[in-house]
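Text of final-v7.csv (CSV, C-alpha atoms) as supplied:
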chain,number,residue,atom,x,y,z
A,273,MET,CA,-18.5,-8.8,-28.9
A,274,LEU,CA,-16.0,-11.5,-29.8
A,275,GLN,CA,-17.5,-14.4,-27.8
A,276,GLN,CA,-17.9,-17.2,-30.3
A,277,THR,CA,-17.8,-14.7,-33.1
A,278,ARG,CA,-15.2,-14.3,-35.8
A,279,VAL,CA,-13.1,-11.1,-35.7
A,280,ALA,CA,-14.0,-10.3,-39.3
A,281,ALA,CA,-17.7,-10.4,-38.4
A,282,VAL,CA,-17.2,-8.1,-35.5
A,283,LEU,CA,-15.0,-5.3,-37.0
A,284,ASP,CA,-17.8,-3.3,-38.6
A,285,HIS,CA,-20.0,-3.7,-35.6
A,286,TYR,CA,-17.2,-2.6,-33.3
A,287,ARG,CA,-16.5,0.5,-35.4
A,288,ILE,CA,-20.2,1.5,-35.6
A,289,PHE,CA,-20.7,0.8,-31.9
A,290,LEU,CA,-17.8,3.1,-31.0
A,291,GLU,CA,-19.0,5.8,-33.3
A,292,ARG,CA,-22.4,5.7,-31.7
A,293,PHE,CA,-21.0,5.4,-28.1
A,294,PRO,CA,-17.5,6.9,-28.1
A,295,ASN,CA,-17.3,7.0,-24.3
A,296,VAL,CA,-18.8,5.6,-21.1
A,297,GLN,CA,-21.0,8.7,-20.6
A,298,SER,CA,-22.7,8.3,-24.1
A,299,LEU,CA,-23.2,4.6,-23.5
A,300,ALA,CA,-24.7,5.3,-20.1
A,301,ALA,CA,-27.0,8.0,-21.4
A,302,ALA,CA,-28.4,5.8,-24.2
A,303,SER,CA,-31.6,3.8,-24.0
A,304,GLU,CA,-31.3,0.0,-23.8
A,305,ASP,CA,-33.1,-0.2,-27.1
A,306,ALA,CA,-30.4,2.0,-28.7
A,307,VAL,CA,-27.7,-0.2,-27.3
A,308,LEU,CA,-29.4,-3.4,-28.4
A,309,ALA,CA,-29.9,-2.0,-31.9
A,310,ALA,CA,-26.2,-1.1,-32.1
A,311,TRP,CA,-25.4,-4.7,-30.9
A,312,SER,CA,-27.8,-6.3,-33.4
A,313,GLY,CA,-26.5,-9.2,-35.3
A,314,LEU,CA,-23.9,-10.3,-32.8
A,315,GLY,CA,-26.0,-12.4,-30.5
A,316,TYR,CA,-25.4,-12.7,-26.7
A,317,TYR,CA,-27.6,-9.7,-26.0
A,318,ARG,CA,-27.2,-10.2,-22.3
A,319,ARG,CA,-23.7,-9.0,-22.7
A,320,ALA,CA,-24.9,-5.8,-24.4
A,321,ARG,CA,-27.4,-5.3,-21.5
A,322,MET,CA,-24.6,-5.9,-18.9
A,323,LEU,CA,-22.3,-3.5,-20.7
A,324,HIS,CA,-25.0,-0.9,-20.7
A,325,GLN,CA,-25.6,-1.4,-16.9
A,326,CYS,CA,-21.9,-1.3,-16.3
A,327,ALA,CA,-21.6,2.0,-18.1
A,328,ARG,CA,-24.5,3.5,-16.1
A,329,GLU,CA,-22.9,2.4,-12.8
A,330,LEU,CA,-19.6,3.8,-13.9
A,331,ALA,CA,-21.2,7.2,-14.8
A,332,GLN,CA,-23.3,7.4,-11.6
A,333,LYS,CA,-20.8,6.1,-9.0
A,334,HIS,CA,-17.3,6.4,-10.5
A,335,ALA,CA,-17.4,9.7,-12.5
A,336,GLY,CA,-17.2,7.6,-15.7
A,337,ARG,CA,-13.9,6.0,-14.8
A,338,PHE,CA,-13.1,2.4,-14.2
A,339,PRO,CA,-11.9,1.4,-10.7
A,340,GLN,CA,-8.2,0.3,-10.8
A,341,ARG,CA,-8.4,-2.7,-8.4
A,342,ALA,CA,-9.7,-6.1,-9.5
A,343,GLU,CA,-11.7,-6.4,-6.3
A,344,ASP,CA,-13.5,-3.1,-7.2
A,345,LEU,CA,-13.9,-4.0,-10.9
A,346,GLN,CA,-15.6,-7.3,-9.9
A,347,ASN,CA,-18.4,-5.3,-8.3
A,348,LEU,CA,-19.5,-3.9,-11.6
A,349,PRO,CA,-22.3,-5.5,-13.6
A,350,GLY,CA,-21.1,-8.1,-16.0
A,351,ILE,CA,-17.5,-8.2,-14.8
A,352,GLY,CA,-16.4,-11.5,-13.2
A,353,ARG,CA,-13.2,-12.6,-11.5
A,354,TYR,CA,-11.3,-13.4,-14.7
A,355,THR,CA,-12.2,-10.1,-16.5
A,356,ALA,CA,-11.6,-8.0,-13.4
A,357,ALA,CA,-8.1,-9.6,-12.9
A,358,ALA,CA,-7.2,-9.2,-16.6
A,359,VAL,CA,-8.3,-5.5,-16.7
A,360,ALA,CA,-6.6,-4.6,-13.4
A,361,SER,CA,-3.4,-6.4,-14.4
A,362,ILE,CA,-3.1,-5.1,-18.0
A,363,ALA,CA,-4.6,-1.6,-17.7
A,364,PHE,CA,-3.6,-0.7,-14.2
A,365,ALA,CA,-0.5,-2.9,-13.6
A,366,GLU,CA,-2.1,-4.6,-10.5
A,367,PRO,CA,0.1,-7.6,-9.6
A,368,ILE,CA,-2.7,-10.1,-9.8
A,369,ALA,CA,-2.8,-13.5,-11.6
A,370,VAL,CA,-5.3,-13.9,-14.4
A,371,VAL,CA,-6.6,-17.4,-13.8
A,372,ASP,CA,-8.9,-19.1,-16.3
A,373,GLY,CA,-10.4,-22.5,-16.0
A,374,MET,CA,-7.5,-24.3,-17.7
A,375,LEU,CA,-4.9,-22.6,-15.5
A,376,SER,CA,-7.0,-23.3,-12.4
A,377,ALA,CA,-7.1,-27.0,-13.4
A,378,LEU,CA,-3.4,-27.1,-14.1
A,379,CYS,CA,-2.6,-25.4,-10.7
A,380,SER,CA,-5.0,-27.8,-8.9
A,381,ASP,CA,-3.2,-30.8,-10.5
A,382,SER,CA,0.2,-29.2,-9.8
A,383,SER,CA,-0.8,-28.5,-6.1
A,384,VAL,CA,-1.3,-32.2,-5.7
A,385,ALA,CA,2.1,-32.9,-7.1
A,386,ILE,CA,3.6,-30.1,-5.0
A,387,GLU,CA,2.1,-31.6,-1.9
A,388,ARG,CA,3.6,-35.0,-2.8
A,389,ARG,CA,7.0,-33.3,-3.3
A,390,ARG,CA,6.6,-31.4,0.0
A,391,LYS,CA,6.0,-34.6,1.9
A,392,SER,CA,9.0,-36.2,0.2
A,393,GLY,CA,11.2,-33.1,1.0
A,394,ASN,CA,11.4,-31.9,-2.7
A,395,THR,CA,9.7,-28.4,-2.8
A,396,ARG,CA,11.8,-26.6,-5.4
A,397,ARG,CA,9.0,-26.0,-7.9
A,398,ARG,CA,5.9,-23.8,-7.5
A,399,CYS,CA,2.8,-23.2,-9.6
A,400,LEU,CA,2.5,-19.5,-8.9
A,401,PRO,CA,4.7,-17.0,-7.1
A,402,ALA,CA,3.8,-15.9,-3.6
A,403,ARG,CA,4.4,-12.2,-4.5
A,404,GLY,CA,5.0,-9.9,-7.4
A,405,PRO,CA,3.5,-9.3,-10.8
A,406,ALA,CA,2.5,-12.1,-13.1
A,407,THR,CA,5.5,-11.6,-15.2
A,408,SER,CA,7.8,-12.8,-12.4
A,409,ILE,CA,6.6,-16.3,-12.3
A,410,ARG,CA,9.4,-18.5,-11.1
A,411,ARG,CA,10.4,-21.6,-13.0

Represent the structure from my file as structure tokens, please.
Amino acid sequence: MLQQTRVAAVLDHYRIFLERFPNVQSLAAASEDAVLAAWSGLGYYRRARMLHQCARELAQKHAGRFPQRAEDLQNLPGIGRYTAAAVASIAFAEPIAVVDGMLSALCSDSSVAIERRRKSGNTRRRCLPARGPATSIRR
């Protein structure tokens, strides 16, 4: 709901949406028209459709519960690599890096610098840890 929308504009929509669809099962059971009507005024209606499809798949294949691994989350409609990693990391403590476009570019640039240091014998710095949760990034 918040993509390119101010928080103040979303608050009432969010409250009403959750009153109408308080859980995955109620969202899955709703018609697409009902979901789109509840989403009305926010734009990005494809997101509402994907959210509805995701709820239906969760209800049908996962007993209404979200998978806990990023790899499994990414198989749900509307959930890409970034969102899957964020949900798995925050909600289920999966030790996975949440990498957006900016971080990916930074790491790409850093990997070039790391390779130069490796060739020169100076490899003390790393962009990301080889193991462990995201909170243990070495400096």

**Q.** Length of the CA of Leu290 in chain A to CA of Ala320 in chain A vector [Å]
**A.** 13.2 Å

Mind running range 289-385 of chain A against range 273-278 of chain A at 12 Å and telling me each contacting residue's nearest atom pair with the distance in Å (one decimal), counting all atoms listed in the file, chain and number ascending, as a Markdown table?
| residue | atom | partner | partner_atom | distance |
| --- | --- | --- | --- | --- |
| A:Phe289 | CA | A:Met273 | CA | 10.3 |
| A:Ala310 | CA | A:Met273 | CA | 11.3 |
| A:Trp311 | CA | A:Met273 | CA | 8.3 |
| A:Ser312 | CA | A:Met273 | CA | 10.6 |
| A:Gly313 | CA | A:Met273 | CA | 10.3 |
| A:Leu314 | CA | A:Met273 | CA | 6.8 |
| A:Gly315 | CA | A:Met273 | CA | 8.5 |
| A:Tyr316 | CA | A:Gln275 | CA | 8.2 |
| A:Tyr317 | CA | A:Met273 | CA | 9.6 |
| A:Arg318 | CA | A:Met273 | CA | 11.0 |
| A:Arg319 | CA | A:Met273 | CA | 8.1 |
| A:Ala320 | CA | A:Met273 | CA | 8.4 |
| A:Leu323 | CA | A:Met273 | CA | 10.5 |

Could you turn the residues from that selection into a file that holds C-alpha atoms, as a compact mmCIF listing (two decimals), in the frame of the given file?
# COMPACT_ATOMS: atom_id res chain seq x y z
CA PHE A 289 -20.70 0.80 -31.90
CA ALA A 310 -26.20 -1.10 -32.10
CA TRP A 311 -25.40 -4.70 -30.90
CA SER A 312 -27.80 -6.30 -33.40
CA GLY A 313 -26.50 -9.20 -35.30
CA LEU A 314 -23.90 -10.30 -32.80
CA GLY A 315 -26.00 -12.40 -30.50
CA TYR A 316 -25.40 -12.70 -26.70
CA TYR A 317 -27.60 -9.70 -26.00
CA ARG A 318 -27.20 -10.20 -22.30
CA ARG A 319 -23.70 -9.00 -22.70
CA ALA A 320 -24.90 -5.80 -24.40
CA LEU A 323 -22.30 -3.50 -20.70

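A straight line drawn from CA of Lys333 in chain A to CA of Asn347 in chain A is 11.7 Å long.
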
Q: Find, counting all atoms listed in the file, the residue in A:Ala377, A:Ala358, A:Ala335, A:Ala302 that gets nearest to Arg321 in chain A.
A: A:Ala302

Contacts of Arg292 in chain A at 10 Å (all atoms listed in the file; same-chain gap of 6+ positions) as a compact mmCIF listing (two decimals) with C-alpha atoms, in the coordinates of the input:
# COMPACT_ATOMS: atom_id res chain seq x y z
CA TYR A 286 -17.20 -2.60 -33.30
CA SER A 298 -22.70 8.30 -24.10
CA LEU A 299 -23.20 4.60 -23.50
CA ALA A 302 -28.40 5.80 -24.20
CA ALA A 306 -30.40 2.00 -28.70
CA VAL A 307 -27.70 -0.20 -27.30
CA ALA A 310 -26.20 -1.10 -32.10

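Between CA of His285 in chain A and CA of Gly350 in chain A there is a distance of 20.1 Å.
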
If you count only C-alpha atoms, which residues fall within 12 Å of Ser361 in chain A, apart from same-chain ones fewer than 2 positions away, as a short mmCIF file (atom, residue, chain, number, x, y, z; two decimals) with C-alpha atoms, in the coordinates of the input?
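Just written: result.cif:
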data_model
loop_
_atom_site.label_atom_id
_atom_site.label_comp_id
_atom_site.auth_asym_id
_atom_site.auth_seq_id
_atom_site.Cartn_x
_atom_site.Cartn_y
_atom_site.Cartn_z
CA GLN A 340 -8.20 0.30 -10.80
CA ARG A 341 -8.40 -2.70 -8.40
CA ALA A 342 -9.70 -6.10 -9.50
CA GLU A 343 -11.70 -6.40 -6.30
CA LEU A 345 -13.90 -4.00 -10.90
CA ARG A 353 -13.20 -12.60 -11.50
CA TYR A 354 -11.30 -13.40 -14.70
CA THR A 355 -12.20 -10.10 -16.50
CA ALA A 356 -11.60 -8.00 -13.40
CA ALA A 357 -8.10 -9.60 -12.90
CA ALA A 358 -7.20 -9.20 -16.60
CA VAL A 359 -8.30 -5.50 -16.70
CA ALA A 363 -4.60 -1.60 -17.70
CA PHE A 364 -3.60 -0.70 -14.20
CA ALA A 365 -0.50 -2.90 -13.60
CA GLU A 366 -2.10 -4.60 -10.50
CA PRO A 367 0.10 -7.60 -9.60
CA ILE A 368 -2.70 -10.10 -9.80
CA ALA A 369 -2.80 -13.50 -11.60
CA VAL A 370 -5.30 -13.90 -14.40
CA VAL A 371 -6.60 -17.40 -13.80
CA GLY A 404 5.00 -9.90 -7.40
CA PRO A 405 3.50 -9.30 -10.80
CA ALA A 406 2.50 -12.10 -13.10
CA THR A 407 5.50 -11.60 -15.20
#

Given the point (-22.0, 8.0, -16.2) in the file's coordinates, find the residues that have an atom at most 9 Å from it, counting only C-alpha atoms, and give them as a PDB file with C-alpha atoms, in the frame of the given file.
ATOM      1  CA  VAL A 296     -18.800   5.600 -21.100  1.00  0.00           C
ATOM      2  CA  GLN A 297     -21.000   8.700 -20.600  1.00  0.00           C
ATOM      3  CA  SER A 298     -22.700   8.300 -24.100  1.00  0.00           C
ATOM      4  CA  LEU A 299     -23.200   4.600 -23.500  1.00  0.00           C
ATOM      5  CA  ALA A 300     -24.700   5.300 -20.100  1.00  0.00           C
ATOM      6  CA  ALA A 301     -27.000   8.000 -21.400  1.00  0.00           C
ATOM      7  CA  ALA A 327     -21.600   2.000 -18.100  1.00  0.00           C
ATOM      8  CA  ARG A 328     -24.500   3.500 -16.100  1.00  0.00           C
ATOM      9  CA  GLU A 329     -22.900   2.400 -12.800  1.00  0.00           C
ATOM     10  CA  LEU A 330     -19.600   3.800 -13.900  1.00  0.00           C
ATOM     11  CA  ALA A 331     -21.200   7.200 -14.800  1.00  0.00           C
ATOM     12  CA  GLN A 332     -23.300   7.400 -11.600  1.00  0.00           C
ATOM     13  CA  LYS A 333     -20.800   6.100  -9.000  1.00  0.00           C
ATOM     14  CA  HIS A 334     -17.300   6.400 -10.500  1.00  0.00           C
ATOM     15  CA  ALA A 335     -17.400   9.700 -12.500  1.00  0.00           C
ATOM     16  CA  GLY A 336     -17.200   7.600 -15.700  1.00  0.00           C
ATOM     17  CA  ARG A 337     -13.900   6.000 -14.800  1.00  0.00           C
TER      18      ARG A 337
END

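Distances to Gln325 in chain A were evaluated for A:Ala280, A:Ile288, A:Ile351, A:Ala360 using only C-alpha atoms, and the minimum falls at A:Ile351.
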